[in-house]
Each structure stands twice: as structure tokens, then as C-alpha cells.
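File shown: coords02.cif (mmCIF, C-alpha atoms).
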data_work
loop_
_atom_site.label_atom_id
_atom_site.label_comp_id
_atom_site.auth_asym_id
_atom_site.auth_seq_id
_atom_site.Cartn_x
_atom_site.Cartn_y
_atom_site.Cartn_z
CA MET A 750 149.04 50.27 -10.51
CA PRO A 751 146.36 51.58 -12.90
CA ASP A 752 143.84 49.16 -14.25
CA PHE A 753 144.28 48.50 -17.95
CA TRP A 754 142.89 46.43 -20.83
CA ARG A 755 139.36 46.45 -19.43
CA SER A 756 138.09 45.12 -22.75
CA SER A 757 140.04 41.89 -22.17
CA GLY A 758 137.43 40.67 -19.68
CA TYR A 759 140.12 39.98 -17.08
CA HIS A 760 138.08 41.71 -14.38
CA LEU A 761 135.31 39.13 -14.94
CA LEU A 762 137.57 36.19 -14.08
CA THR A 763 138.85 34.55 -10.90
CA ARG A 764 142.09 32.66 -10.25
CA ASP A 765 142.41 29.05 -9.18
CA ALA A 766 144.95 27.78 -6.64
CA GLU A 767 147.66 27.66 -9.32
CA GLY A 768 147.02 31.21 -10.49
CA ARG A 769 145.22 30.20 -13.69
CA LEU A 770 142.17 32.17 -14.84
CA GLU A 771 138.94 30.29 -14.16
CA VAL A 772 135.97 30.56 -16.50
CA THR A 773 133.07 32.43 -14.88
CA ASP A 774 129.46 32.99 -15.89
CA ASP A 775 130.11 36.71 -16.28
CA PHE A 776 133.01 36.03 -18.65
CA LEU A 777 130.74 33.82 -20.78
CA ARG A 778 128.01 36.47 -20.76
CA ALA A 779 130.49 39.02 -22.13
CA TYR A 780 130.58 37.05 -25.38
CA LEU A 781 126.79 37.01 -25.57
CA LEU A 782 126.71 40.78 -25.11
CA ARG A 783 128.79 41.33 -28.24
CA PRO A 784 126.69 43.07 -30.95
CA GLU A 785 126.94 40.15 -33.37
CA MET A 786 125.42 37.78 -30.78
CA GLN A 787 122.48 39.95 -29.74
CA PRO A 788 119.18 39.18 -31.51
CA PRO A 789 118.11 41.94 -33.91
CA PRO A 790 114.58 43.39 -33.68
CA GLU A 791 113.36 41.03 -36.39
CA ALA A 792 114.73 37.89 -34.67
CA CYS A 793 112.36 34.96 -34.31
CA ALA A 794 110.92 33.97 -30.94
CA ASN A 795 113.16 30.89 -30.75
CA GLU A 796 116.30 33.01 -31.12
CA VAL A 797 115.18 35.45 -28.44
CA ALA A 798 114.32 32.61 -26.06
CA LEU A 799 117.67 30.86 -26.63
CA TYR A 800 119.59 34.08 -26.13
CA ASN A 801 117.75 35.08 -22.96
CA GLY A 802 118.09 31.58 -21.57
CA LEU A 803 121.85 31.63 -22.07
CA LEU A 804 122.15 35.09 -20.53
CA GLU A 805 120.39 33.72 -17.47
CA GLU A 806 122.39 30.48 -17.38
CA PRO A 807 125.46 30.66 -19.68
CA ARG A 808 126.54 27.08 -18.88
CA ARG A 809 123.24 25.39 -19.60
CA ARG A 810 123.17 22.53 -22.09
CA VAL A 811 121.73 23.50 -25.48
CA ALA A 812 120.24 20.77 -27.65
CA ASP A 813 121.04 20.75 -31.35
CA SER A 814 117.32 21.05 -32.02
CA GLU A 815 117.21 24.43 -30.25
CA VAL A 816 119.80 25.86 -32.61
CA ALA A 817 118.23 24.21 -35.64
CA ALA A 818 114.92 25.90 -34.75
CA LEU A 819 116.36 29.37 -35.35
CA ALA A 820 114.92 30.95 -38.48
CA ASP A 821 118.02 32.97 -39.43
CA ALA A 822 120.97 31.04 -40.88
CA ASP A 823 123.53 33.55 -39.59
CA ALA A 824 122.11 33.26 -36.09
CA ARG A 825 122.31 29.46 -36.27
CA GLU A 826 125.96 29.67 -37.30
CA ASN A 827 126.81 32.23 -34.61
CA PHE A 828 125.31 30.11 -31.85
CA GLN A 829 126.94 26.92 -33.13
CA VAL A 830 130.37 28.57 -33.15
CA TRP A 831 129.95 30.20 -29.76
CA LEU A 832 128.52 27.11 -28.08
CA GLY A 833 131.38 25.01 -29.44
CA PHE A 834 133.90 27.47 -28.02
CA ARG A 835 132.01 27.74 -24.74
CA ASP A 836 132.09 23.97 -24.34
CA ARG A 837 135.86 24.00 -24.91
CA LEU A 838 136.26 26.64 -22.21
CA LEU A 839 134.10 24.74 -19.74
CA ALA A 840 135.85 21.42 -20.44
CA ALA A 841 139.25 23.00 -19.76
CA GLY A 842 138.10 24.99 -16.74
CA THR A 843 140.67 27.75 -17.23
CA LEU A 844 141.57 30.07 -20.06
CA GLU A 845 145.14 28.77 -20.05
CA GLY A 846 143.99 25.18 -20.23
CA CYS A 847 141.67 25.95 -23.12
CA TYR A 848 144.38 27.84 -25.01
CA LEU A 849 146.87 25.01 -24.72
CA ARG A 850 144.32 22.39 -25.76
CA LEU A 851 143.39 24.43 -28.82
CA PHE A 852 146.91 24.10 -30.18
CA ARG A 853 147.72 20.64 -28.90
CA GLU A 854 144.46 19.08 -30.04
CA GLY A 855 143.36 21.39 -32.87
CA ALA A 856 141.60 24.75 -33.09
CA ARG A 857 139.28 23.92 -35.98
CA GLY A 858 136.03 25.86 -35.78
CA VAL A 859 137.33 28.46 -33.30
CA PRO A 860 137.49 31.97 -34.82
CA GLY A 861 140.78 33.81 -34.59
CA LEU A 862 138.95 36.60 -32.77
CA PHE A 863 138.17 34.23 -29.88
CA ILE A 864 141.78 33.04 -29.71
CA ASP A 865 143.08 36.61 -29.64
CA GLN A 866 140.62 37.43 -26.89
CA LEU A 867 141.91 34.52 -24.81
CA VAL A 868 145.47 35.80 -25.23
CA HIS A 869 144.33 39.31 -24.31
CA ALA A 870 142.82 38.16 -21.01
CA ILE A 871 145.63 35.74 -20.14
CA LEU A 872 148.30 38.38 -20.77
CA ARG A 873 146.38 40.87 -18.66
CA GLY A 874 146.75 38.41 -15.80
CA VAL A 875 150.43 37.77 -16.56
CA LEU A 876 151.09 41.52 -16.55
CA ASP A 877 149.03 42.23 -13.45
CA GLU A 878 150.76 44.92 -11.36
CA THR A 879 153.54 45.41 -13.90
CA PRO A 880 155.09 48.88 -13.61
CA SER A 881 156.24 48.83 -17.22
CA GLY A 882 154.18 50.41 -19.95
CA LEU A 883 156.72 49.00 -22.39
CA ARG A 884 155.93 45.43 -21.37
CA ALA A 885 152.21 46.09 -21.68
CA ARG A 886 152.75 47.60 -25.14
CA ALA A 887 154.89 44.58 -26.09
CA GLY A 888 151.96 42.42 -25.02
CA GLU A 889 149.83 43.92 -27.79
CA LEU A 890 152.02 42.06 -30.29
CA PHE A 891 150.58 38.80 -28.95
CA PHE A 892 147.00 39.55 -30.01
CA ARG A 893 147.01 42.48 -32.46
CA ALA A 894 148.61 42.75 -35.90
CA GLN A 895 151.41 45.29 -36.25
CA THR A 896 152.68 47.38 -39.15
CA VAL A 897 156.46 47.65 -39.43
CA SER A 898 158.39 50.84 -40.10
CA LEU A 899 162.08 50.67 -41.05
CA ASP A 900 163.56 54.15 -40.93
CA ASP A 901 167.09 55.32 -40.13
CA GLY A 902 168.05 51.85 -38.97
CA ARG A 903 165.19 51.67 -36.45
CA VAL A 904 162.59 48.89 -36.35
CA ARG A 905 159.30 50.24 -35.09
CA LEU A 906 155.90 48.64 -34.71
CA ALA A 907 152.53 50.38 -34.81
CA ASP A 908 149.09 48.83 -34.47
CA SER A 909 147.89 47.90 -37.97
CA GLU A 910 144.27 48.84 -37.34
CA THR A 911 145.33 52.24 -36.01
CA VAL A 912 147.65 52.79 -38.97
CA ALA A 913 144.84 51.95 -41.38
CA MET A 914 142.50 54.34 -39.59
CA HIS A 915 145.03 57.18 -39.78
CA ALA A 916 145.69 56.42 -43.43
CA ALA A 917 141.97 56.67 -44.17
CA THR A 918 141.09 59.66 -42.01
CA GLY A 919 144.31 61.31 -40.88
CA GLY A 920 143.25 60.51 -37.35
CA PHE A 921 140.18 62.72 -37.45
CA GLY A 922 137.46 60.08 -37.68
CA ASN A 923 134.49 60.72 -39.97
CA LEU A 924 135.57 64.32 -40.62
CA GLY A 925 138.95 63.12 -41.85
CA ARG A 926 137.29 60.49 -44.02
CA LEU A 927 135.24 63.20 -45.73
CA VAL A 928 138.41 65.18 -46.38
CA VAL A 929 140.08 62.13 -47.93
CA GLU A 930 137.04 61.39 -50.08
CA ALA A 931 137.10 65.02 -51.26
CA GLY A 932 140.58 64.43 -52.60
CA THR A 933 142.50 66.44 -50.01
CA ALA A 934 145.20 64.67 -48.02
CA PRO A 935 144.60 65.24 -44.29
CA ARG A 936 147.39 66.37 -41.99
CA SER A 937 149.52 63.40 -40.97
CA VAL A 938 149.44 62.39 -37.33
CA GLU A 939 152.58 61.13 -35.62
CA LEU A 940 152.19 58.27 -33.14
CA ASP A 941 154.23 58.44 -29.94
CA VAL A 942 157.19 56.08 -29.62
CA LEU A 943 157.51 54.60 -26.13
CA ASP A 944 160.92 54.30 -24.46
CA GLU A 945 162.38 54.04 -20.94
CA ARG A 946 161.48 57.64 -20.17
CA SER A 947 158.04 57.84 -21.76
CA HIS A 948 156.64 54.36 -21.06
CA ALA A 949 154.30 55.69 -18.33
CA ASN A 950 152.37 57.47 -21.11
CA TYR A 951 150.96 54.07 -22.02
CA TRP A 952 148.66 54.04 -18.99
CA GLY A 953 145.39 55.74 -19.72
CA ARG A 954 145.65 55.18 -23.47
CA ASP A 955 146.03 51.40 -23.35
CA GLU A 956 142.77 50.81 -25.23
CA LYS A 957 143.60 53.32 -27.98
CA TYR A 958 146.43 51.22 -29.48
CA ASP A 959 148.10 54.41 -30.64
CA THR A 960 151.69 54.05 -29.40
CA VAL A 961 154.74 52.74 -31.22
CA LEU A 962 157.15 50.10 -29.93
CA ASP A 963 160.81 50.29 -30.96
CA VAL A 964 162.22 46.76 -31.28
CA THR A 965 165.59 47.71 -32.74
CA PHE A 966 168.48 45.63 -31.40
CA GLY A 967 169.45 47.15 -28.04
CA ALA A 968 166.20 49.11 -27.64
CA ALA A 969 164.21 48.97 -24.42
CA GLY A 970 161.16 47.82 -26.37
CA LEU A 971 162.95 44.68 -27.52
CA ASP A 972 164.10 43.99 -23.97
CA ALA A 973 160.50 44.36 -22.78
CA LEU A 974 159.42 41.78 -25.37
CA CYS A 975 162.13 39.37 -24.16
CA ARG A 976 160.97 39.66 -20.57
CA LEU A 977 157.38 39.04 -21.64
CA LEU A 978 158.34 35.95 -23.63
CA GLU A 979 160.05 34.60 -20.51
CA ARG A 980 156.95 35.18 -18.40
CA TRP A 981 154.68 33.68 -21.07
CA VAL A 982 156.66 30.42 -20.99
CA ALA A 983 156.89 30.34 -17.20
CA HIS A 984 153.17 30.98 -16.75
CA PHE A 985 152.04 28.19 -19.07
CA LEU A 986 154.80 25.61 -18.82
CA GLY A 987 156.23 26.19 -15.35
CA VAL A 988 159.82 26.36 -16.61
CA THR A 989 162.27 29.22 -16.29
CA VAL A 990 163.94 30.43 -19.46
CA ALA A 991 166.11 33.40 -20.34
CA VAL A 992 165.56 35.16 -23.66
CA HIS A 993 168.14 37.54 -25.10
CA PRO A 994 168.32 39.25 -28.49
CA VAL A 995 171.18 38.31 -30.80
CA GLN A 996 172.23 39.87 -34.08
CA THR A 997 173.14 36.65 -35.88
CA ILE A 998 173.03 32.90 -35.34
CA ARG A 999 176.62 31.65 -35.32
CA ASP A 1000 176.30 28.13 -34.01
CA GLU A 1001 177.68 25.08 -35.77
CA ARG A 1002 175.60 22.95 -33.40
CA TRP A 1003 172.31 24.73 -34.06
CA VAL A 1004 169.80 22.06 -33.08
CA TRP A 1005 166.45 23.75 -32.40
CA HIS A 1006 164.54 26.87 -33.36
CA VAL A 1007 161.06 28.35 -33.06
CA GLY A 1008 159.58 30.99 -35.33
CA LEU A 1009 157.40 33.47 -33.46
CA ASP A 1010 155.29 33.97 -36.60
CA ALA A 1011 154.62 32.15 -39.86
CA GLU A 1012 157.19 34.13 -41.87
CA ALA A 1013 159.97 33.60 -39.32
CA THR A 1014 159.17 29.89 -39.09
CA ALA A 1015 159.56 29.46 -42.85
CA ILE A 1016 162.82 31.43 -42.98
CA LEU A 1017 164.38 29.60 -40.02
CA ASN A 1018 163.38 26.24 -41.46
CA ASP A 1019 165.06 27.06 -44.76
CA LEU A 1020 168.22 28.34 -43.09
CA TYR A 1021 168.41 25.29 -40.84
CA ASN A 1022 167.96 22.92 -43.78
CA GLY A 1023 170.60 24.68 -45.86
CA ALA A 1024 168.17 26.03 -48.45
CA GLU A 1025 169.06 29.24 -50.23
CA VAL A 1026 167.37 32.29 -48.71
CA ASP A 1027 167.58 35.45 -50.80
CA GLU A 1028 168.43 38.86 -49.36
CA ASP A 1029 164.88 40.14 -49.60
CA ARG A 1030 163.59 37.36 -47.35
CA LEU A 1031 166.48 37.70 -44.91
CA ALA A 1032 165.74 41.42 -44.65
CA ARG A 1033 162.27 40.56 -43.33
CA ILE A 1034 163.77 39.24 -40.10
CA LEU A 1035 163.13 41.91 -37.47
CA ALA A 1036 164.77 40.25 -34.49
CA LEU A 1037 166.63 37.09 -33.48
CA PHE A 1038 166.72 35.67 -29.96
CA ARG A 1039 168.58 33.05 -27.98
CA LEU A 1040 166.48 31.17 -25.43
CA GLU A 1041 168.16 29.12 -22.71
CA PHE A 1042 166.59 26.91 -20.05
CA ALA A 1043 167.62 27.64 -16.47
CA ASP A 1044 167.43 23.90 -15.78
CA PRO A 1045 168.73 21.78 -18.68
CA ALA A 1046 166.85 18.82 -17.20
CA ALA A 1047 163.62 20.50 -18.31
CA MET A 1048 164.68 19.89 -21.92
CA ARG A 1049 164.66 16.75 -24.01
CA PRO A 1050 167.69 14.72 -22.89
CA ASP A 1051 169.27 14.74 -26.35
CA LEU A 1052 169.10 18.56 -26.47
CA ALA A 1053 169.77 19.41 -22.82
CA GLY A 1054 171.97 22.46 -22.41
CA ARG A 1055 171.66 23.62 -26.01
CA PRO A 1056 170.12 27.03 -26.84
CA VAL A 1057 166.87 27.46 -28.74
CA TYR A 1058 166.91 30.19 -31.37
CA LEU A 1059 163.84 32.35 -31.99
CA ALA A 1060 163.03 34.77 -34.77
CA MET A 1061 160.43 37.41 -35.53
CA ALA A 1062 159.85 38.46 -39.13
CA MET A 1063 157.51 40.67 -41.12
CA ALA A 1064 155.42 39.51 -44.05
CA PRO A 1065 156.02 40.95 -47.53
CA ASP A 1066 153.38 43.63 -46.85
CA ARG A 1067 155.39 44.78 -43.80
CA THR A 1068 152.95 43.43 -41.25
CA LEU A 1069 153.80 41.32 -38.21
CA ARG A 1070 151.41 38.78 -36.73
CA LEU A 1071 152.90 36.91 -33.79
CA LYS A 1072 151.78 33.37 -33.01
CA PRO A 1073 152.56 33.14 -29.29
CA GLN A 1074 151.30 29.57 -29.21
CA ASN A 1075 154.44 28.53 -31.14
CA LEU A 1076 156.55 29.15 -28.08
CA LEU A 1077 154.35 26.88 -25.99
CA VAL A 1078 153.91 23.89 -28.29
CA ASN A 1079 157.28 23.85 -30.07
CA LEU A 1080 159.86 24.05 -27.27
CA PRO A 1081 161.90 20.84 -26.76
CA LEU A 1082 160.52 20.00 -23.33
CA ALA A 1083 161.40 16.85 -21.42
CA SER A 1084 157.70 16.31 -20.75
CA ILE A 1085 154.42 17.93 -21.72
CA SER A 1086 152.42 19.19 -18.77
#

Spit out the file's structure as C-alpha cells when you get a sec.
Amino acid sequence: MPDFWRSSGYHLLTRDAEGRLEVTDDFLRAYLLRPEMQPPPEACANEVALYNGLLEEPRRRVADSEVAALADADARENFQVWLGFRDRLLAAGTLEGCYLRLFREGARGVPGLFIDQLVHAILRGVLDETPSGLRARAGELFFRAQTVSLDDGRVRLADSETVAMHAATGGFGNLGRLVVEAGTAPRSVELDVLDERSHANYWGRDEKYDTVLDVTFGAAGLDALCRLLERWVAHFLGVTVAVHPVQTIRDERWVWHVGLDAEATAILNDLYNGAEVDEDRLARILALFRLEFADPAAMRPDLAGRPVYLAMAMAPDRTLRLKPQNLLVNLPLASIS
């Protein structure tokens, strides 16, 4: 299979005996090599010394006084944030362990960018050797915001950053931006929709984020997302679940649900509690799912054998921002591993 998502840092990691991704020095250095972490030419000697010392030994203990000695306030803040995150990674030992702890114990002080990067790397490992470009494209929903298109009864998702770039430049970079600024609308650029026949086109353009996923009920893209949700749960929690799309929730014994994003969580909560939900809000629901445990004993005894309903919904501005952690911390498990 082709290598993909090189920017995730997956190639810098190793696996432990349980298949989890172990934190390595090279993975930690990748953060330090980001432009915002590198000392600018005018950086003070203390900042340069701290940076070089961490490049040499990314795990070394850094005293508070070393950070306080930095002349630039932004540099002090950057190092404080990164060192706090680094210490969380090292305490957990694996990316998966760190990710779970962030949402079980609190993610205060950890930038969303770092959390998305964890998901990016973990999913790269989950998808290792997958033959499906559709599943890889579905994985982008876990760590990149999407813009929703509702045309001719189809529900399609495009990368929000890519959409914004095309809106600003017509897809022609700085040249297109000049055209827009001159008051001339650039030629529109159509993004390719992946399906069962074209999914192989994903390989080789995986870092461009320029393909569209169709998640209409019955579409192969929605099935790919279901399979990925199953693998996400199995990888973290060690339980086997089956996820299938449904068009409506018709269950008088509806006992549990999980929203896959903030909007879906709010809508499901209101529906479950019998609150009135207007048509505009209901129309934001993009997909509903039924999740079932292969082994009912893995569930809380009072809920064993009952399905869990999931939903995915767009915000009022037609964007979708999945929160994959919801599926890990909100399932009714018999025990927390």
C-alpha cells in the first residue's frame, strides 16, 4: 500500500506490544521543528540555548526558571504550552493513552491543534495498510473541519480550509487572489467526489485535502465512515461494535445516544428529553447511526443488549466538526479500561 499522511508524524513512532503508538524522541522533535517553535533571528541567548538543548534531548527536565528567563513573552508561552503537552505525552507513554487521559481527566491548556495532530497520527496507524481511499478520506473528518453541501438530495463534505482557499483564489493561489482583489471572479474549480470506483484517486493527493466525501444515506462514503467508527472504538476500548446508518430513530425504549459533534449532541439531548426541536435544527442532522455491541456483557448491565444511537450534524454555518473523543468517553461500558 502507498504511504500516506506523512505530515501526521506516524513514521516517527513505534508500536508497543499492544499495538499502541509509543512516544519517541523524533516525534517530540517534530513539534520543536514547527515554525512557531523555532527561535527567530532576534531571539535571546536563553531561548536559543533552551531550544537547542531540547532538540538534543527532547525529554530533558526543564526548570520553570529556564522558561522565565526568556526575554520574549510569546516564546515563554509557547514553551510553557509545549512542555506541558510533552509531559502529558511522556506520562502516558503512548499517543492513545495521552488522548484518552486528555478527555477523561481534562484537556485544559492543550491547544486544539495538538489534539488534532494526535488524532491524525493515531488514525494513520489504525488505517495502516487499508486498501480503501474512502476510509482514509473519512478519517479526515476526525481531525479537519468540513464544509457541507446539500444538493439534489446528496450530502457531501469538502475540507473547509480547501473550500476557503478556492473561494478566495479560485484554486490558483496568489495569482487567483490577485484576480479576486481586482474584482474579477476566478473560474470555479470542481473538487472530485470519491466513490467505490474512484477511491484509489485519493492516494497521492492525501495531503492536498481536495476530495469530496459523499455521506448520503446508502452512499459508500457513509459506509466507510461506519467502518472507521467501528475500528476507532475497537482500537481504543478493545470492544467490538457494529455501526450502521439509519434514517430515523423509531425506538420506544431509546436509552442511550452519543452525538459525534457538539450540534448533534445538543439535538439528540433535546429529542431524548422531549423538548421541541424545530425543522431548521432537525434539518442540520446529516446522518443517524445505530451502534450495537457484539458482546452485550461489555455494556453497563442495566443497558446490556440495547442499541446506542449516534448522530452527525452540521452547525448553522454548514460546517461539520467531529469530536471523535465523544465515542470513546460516552459509550455505556461495563468498565473503563

How far is it from atom CA of Pro751 of chain A to atom CA of Gly953 of chain A, in Å with one decimal? 8.0 Å

A:Leu761, A:Val897, A:Leu1037, A:Val1078: which is nearest Pro1065 of chain A, counting only C-alpha atoms?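 Nearest to Pro1065 of chain A: A:Val897.
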
Result set, the PyMOL selection byres ((chain A and resi 778) around 9) on current file, as number ranges by chain: A: 773-777, 779-783, 803-807

Create the file for the chosen residues now, containing C-alpha atoms and written as a compact mmCIF listing (two decimals), keeping the file's coordinate frame.
# COMPACT_ATOMS: atom_id res chain seq x y z
CA THR A 773 133.07 32.43 -14.88
CA ASP A 774 129.46 32.99 -15.89
CA ASP A 775 130.11 36.71 -16.28
CA PHE A 776 133.01 36.03 -18.65
CA LEU A 777 130.74 33.82 -20.78
CA ALA A 779 130.49 39.02 -22.13
CA TYR A 780 130.58 37.05 -25.38
CA LEU A 781 126.79 37.01 -25.57
CA LEU A 782 126.71 40.78 -25.11
CA ARG A 783 128.79 41.33 -28.24
CA LEU A 803 121.85 31.63 -22.07
CA LEU A 804 122.15 35.09 -20.53
CA GLU A 805 120.39 33.72 -17.47
CA GLU A 806 122.39 30.48 -17.38
CA PRO A 807 125.46 30.66 -19.68

Using all atoms listed in the file, the residue out of A:Glu889, A:His948, A:Asn827, A:Leu832 with shortest distance to Arg810 of chain A is A:Leu832

Would you pick out the contacts of Leu1069 of chain A at 9 Å or less, using all atoms listed in the file, so that residues sharing its chain but fewer than 5 positions from it are not included, and give the list as a compact mmCIF listing (two decimals) with C-alpha atoms, in the coordinates of the input?
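Output (out07.txt):
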# COMPACT_ATOMS: atom_id res chain seq x y z
CA LEU A 890 152.02 42.06 -30.29
CA ARG A 893 147.01 42.48 -32.46
CA ALA A 894 148.61 42.75 -35.90
CA GLN A 895 151.41 45.29 -36.25
CA THR A 896 152.68 47.38 -39.15
CA VAL A 897 156.46 47.65 -39.43
CA LEU A 906 155.90 48.64 -34.71
CA SER A 909 147.89 47.90 -37.97
CA ASP A 1010 155.29 33.97 -36.60
CA GLU A 1012 157.19 34.13 -41.87
CA MET A 1061 160.43 37.41 -35.53
CA ALA A 1062 159.85 38.46 -39.13
CA MET A 1063 157.51 40.67 -41.12
CA ALA A 1064 155.42 39.51 -44.05

Please identify all polymer residues within 12 Å of Asp944 of chain A, counting only C-alpha atoms, omitting same-chain residues fewer than 4 positions from it, and present them as number ranges by chain. A: 881-884, 886-887, 905, 948-951, 960-965, 967-973

Selection above as a file: C-alpha atoms, as a PDB file, keeping the file's coordinate frame:
ATOM      1  CA  SER A 881     156.240  48.830 -17.220  1.00  0.00           C
ATOM      2  CA  GLY A 882     154.180  50.410 -19.950  1.00  0.00           C
ATOM      3  CA  LEU A 883     156.720  49.000 -22.390  1.00  0.00           C
ATOM      4  CA  ARG A 884     155.930  45.430 -21.370  1.00  0.00           C
ATOM      5  CA  ARG A 886     152.750  47.600 -25.140  1.00  0.00           C
ATOM      6  CA  ALA A 887     154.890  44.580 -26.090  1.00  0.00           C
ATOM      7  CA  ARG A 905     159.300  50.240 -35.090  1.00  0.00           C
ATOM      8  CA  HIS A 948     156.640  54.360 -21.060  1.00  0.00           C
ATOM      9  CA  ALA A 949     154.300  55.690 -18.330  1.00  0.00           C
ATOM     10  CA  ASN A 950     152.370  57.470 -21.110  1.00  0.00           C
ATOM     11  CA  TYR A 951     150.960  54.070 -22.020  1.00  0.00           C
ATOM     12  CA  THR A 960     151.690  54.050 -29.400  1.00  0.00           C
ATOM     13  CA  VAL A 961     154.740  52.740 -31.220  1.00  0.00           C
ATOM     14  CA  LEU A 962     157.150  50.100 -29.930  1.00  0.00           C
ATOM     15  CA  ASP A 963     160.810  50.290 -30.960  1.00  0.00           C
ATOM     16  CA  VAL A 964     162.220  46.760 -31.280  1.00  0.00           C
ATOM     17  CA  THR A 965     165.590  47.710 -32.740  1.00  0.00           C
ATOM     18  CA  GLY A 967     169.450  47.150 -28.040  1.00  0.00           C
ATOM     19  CA  ALA A 968     166.200  49.110 -27.640  1.00  0.00           C
ATOM     20  CA  ALA A 969     164.210  48.970 -24.420  1.00  0.00           C
ATOM     21  CA  GLY A 970     161.160  47.820 -26.370  1.00  0.00           C
ATOM     22  CA  LEU A 971     162.950  44.680 -27.520  1.00  0.00           C
ATOM     23  CA  ASP A 972     164.100  43.990 -23.970  1.00  0.00           C
ATOM     24  CA  ALA A 973     160.500  44.360 -22.780  1.00  0.00           C
TER      25      ALA A 973
END

For this structure, which residues satisfy the selection - the PyMOL selection byres ((chain A and resi 812-822) around 10) - when it is evaluated on the file as given? I want them as a VMD selection string. chain A and resid 791 to 799 809 to 811 823 to 829 832

Go ahead and dump the residues you just picked, C-alpha atoms, as a PDB file, keeping the file's coordinate frame.
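Below is the file that was written, again25.pdb:
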ATOM      1  CA  GLU A 791     113.360  41.030 -36.390  1.00  0.00           C
ATOM      2  CA  ALA A 792     114.730  37.890 -34.670  1.00  0.00           C
ATOM      3  CA  CYS A 793     112.360  34.960 -34.310  1.00  0.00           C
ATOM      4  CA  ALA A 794     110.920  33.970 -30.940  1.00  0.00           C
ATOM      5  CA  ASN A 795     113.160  30.890 -30.750  1.00  0.00           C
ATOM      6  CA  GLU A 796     116.300  33.010 -31.120  1.00  0.00           C
ATOM      7  CA  VAL A 797     115.180  35.450 -28.440  1.00  0.00           C
ATOM      8  CA  ALA A 798     114.320  32.610 -26.060  1.00  0.00           C
ATOM      9  CA  LEU A 799     117.670  30.860 -26.630  1.00  0.00           C
ATOM     10  CA  ARG A 809     123.240  25.390 -19.600  1.00  0.00           C
ATOM     11  CA  ARG A 810     123.170  22.530 -22.090  1.00  0.00           C
ATOM     12  CA  VAL A 811     121.730  23.500 -25.480  1.00  0.00           C
ATOM     13  CA  ASP A 823     123.530  33.550 -39.590  1.00  0.00           C
ATOM     14  CA  ALA A 824     122.110  33.260 -36.090  1.00  0.00           C
ATOM     15  CA  ARG A 825     122.310  29.460 -36.270  1.00  0.00           C
ATOM     16  CA  GLU A 826     125.960  29.670 -37.300  1.00  0.00           C
ATOM     17  CA  ASN A 827     126.810  32.230 -34.610  1.00  0.00           C
ATOM     18  CA  PHE A 828     125.310  30.110 -31.850  1.00  0.00           C
ATOM     19  CA  GLN A 829     126.940  26.920 -33.130  1.00  0.00           C
ATOM     20  CA  LEU A 832     128.520  27.110 -28.080  1.00  0.00           C
TER      21      LEU A 832
END

Select all residues near (163.0, 25.7, -33.6) (cut-off 9 Å, inclusive, file coordinates), counting all atoms listed in the file, and output them as a PyMOL selection string. chain A and resi 1004-1008+1014+1017-1018+1057-1059+1079-1081

Taking the file as I've supplied it (selection: the PyMOL selection byres ((chain A and resi 759) around 10)), which residues are included? Please answer as a ChimeraX atom specification. /A:753-758,760-763,770,776,867,869-874,877

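Compared by their closest atoms to Pro994 of chain A, and using only C-alpha atoms, the residues A:Arg1033, A:Arg837, A:Arg1039, A:Arg764 rank with A:Arg1039 nearest.
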
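Reported to one decimal place, the separation of atom CA of Ile1016 of chain A from atom CA of Arg857 of chain A is 25.7 Å.
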
Polymer residues at most 12 Å from Asp765 of chain A, all atoms listed in the file, same-chain spacing of 2 or more positions, as an NGL selection string: :A and (762-763 or 767-773 or 842-846)

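Of the listed residues (A:Phe852, A:Tyr800, A:Trp1003, A:Phe1042), A:Phe1042 comes nearest to Ala983 of chain A; the distances count all atoms listed in the file.
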
What gap, in Å, lies between atom CA of Arg980 of chain A and atom CA of Val868 of chain A?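 Value for the atom CA of Arg980 of chain A-atom CA of Val868 of chain A distance: 13.4 Å.
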
Between A:Leu1009, A:Met1048, A:Val995, A:Ala1060, single out the one closest to Gln1074 of chain A, counting all atoms listed in the file.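 Answer, going by the shortest atom-to-atom distance: A:Leu1009.
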
Show me, as number ranges by chain, the residues that have an atom within 10 Å of Asp959 of chain A when counting all atoms listed in the file, minus same-chain residues fewer than 3 positions from it. A: 886, 907-912, 939-942, 951, 954-956

From the block you just saw, export segment 987-998 of chain A: N, CA and C atoms, as a PDB file, in the first residue's frame.
ATOM      1  N   GLY A 987     -11.031  -1.795  22.954  1.00  0.00           N
ATOM      2  CA  GLY A 987     -10.932  -3.250  22.912  1.00  0.00           C
ATOM      3  C   GLY A 987     -12.270  -3.953  22.865  1.00  0.00           C
ATOM      4  N   VAL A 988     -13.314  -3.284  22.405  1.00  0.00           N
ATOM      5  CA  VAL A 988     -14.630  -3.907  22.273  1.00  0.00           C
ATOM      6  C   VAL A 988     -15.063  -3.850  20.814  1.00  0.00           C
ATOM      7  N   THR A 989     -15.811  -4.865  20.408  1.00  0.00           N
ATOM      8  CA  THR A 989     -16.288  -4.935  19.033  1.00  0.00           C
ATOM      9  C   THR A 989     -17.700  -4.385  18.957  1.00  0.00           C
ATOM     10  N   VAL A 990     -17.890  -3.420  18.062  1.00  0.00           N
ATOM     11  CA  VAL A 990     -19.213  -2.846  17.852  1.00  0.00           C
ATOM     12  C   VAL A 990     -19.517  -2.862  16.362  1.00  0.00           C
ATOM     13  N   ALA A 991     -20.782  -2.819  16.041  1.00  0.00           N
ATOM     14  CA  ALA A 991     -21.234  -2.693  14.653  1.00  0.00           C
ATOM     15  C   ALA A 991     -21.991  -1.380  14.531  1.00  0.00           C
ATOM     16  N   VAL A 992     -21.645  -0.595  13.534  1.00  0.00           N
ATOM     17  CA  VAL A 992     -22.281   0.701  13.311  1.00  0.00           C
ATOM     18  C   VAL A 992     -22.959   0.689  11.953  1.00  0.00           C
ATOM     19  N   HIS A 993     -24.235   1.023  11.930  1.00  0.00           N
ATOM     20  CA  HIS A 993     -24.994   1.037  10.679  1.00  0.00           C
ATOM     21  C   HIS A 993     -25.804   2.324  10.596  1.00  0.00           C
ATOM     22  N   PRO A 994     -25.884   2.926   9.409  1.00  0.00           N
ATOM     23  CA  PRO A 994     -26.714   4.124   9.271  1.00  0.00           C
ATOM     24  C   PRO A 994     -28.195   3.783   9.329  1.00  0.00           C
ATOM     25  N   VAL A 995     -28.972   4.675   9.906  1.00  0.00           N
ATOM     26  CA  VAL A 995     -30.428   4.543   9.934  1.00  0.00           C
ATOM     27  C   VAL A 995     -31.011   5.886   9.497  1.00  0.00           C
ATOM     28  N   GLN A 996     -32.232   5.856   8.991  1.00  0.00           N
ATOM     29  CA  GLN A 996     -32.848   7.088   8.517  1.00  0.00           C
ATOM     30  C   GLN A 996     -33.626   7.819   9.616  1.00  0.00           C
ATOM     31  N   THR A 997     -34.126   7.068  10.570  1.00  0.00           N
ATOM     32  CA  THR A 997     -34.849   7.663  11.697  1.00  0.00           C
ATOM     33  C   THR A 997     -34.595   6.815  12.946  1.00  0.00           C
ATOM     34  N   ILE A 998     -34.882   7.401  14.094  1.00  0.00           N
ATOM     35  CA  ILE A 998     -34.843   6.655  15.353  1.00  0.00           C
ATOM     36  C   ILE A 998     -36.289   6.353  15.746  1.00  0.00           C
TER      37      ILE A 998
END
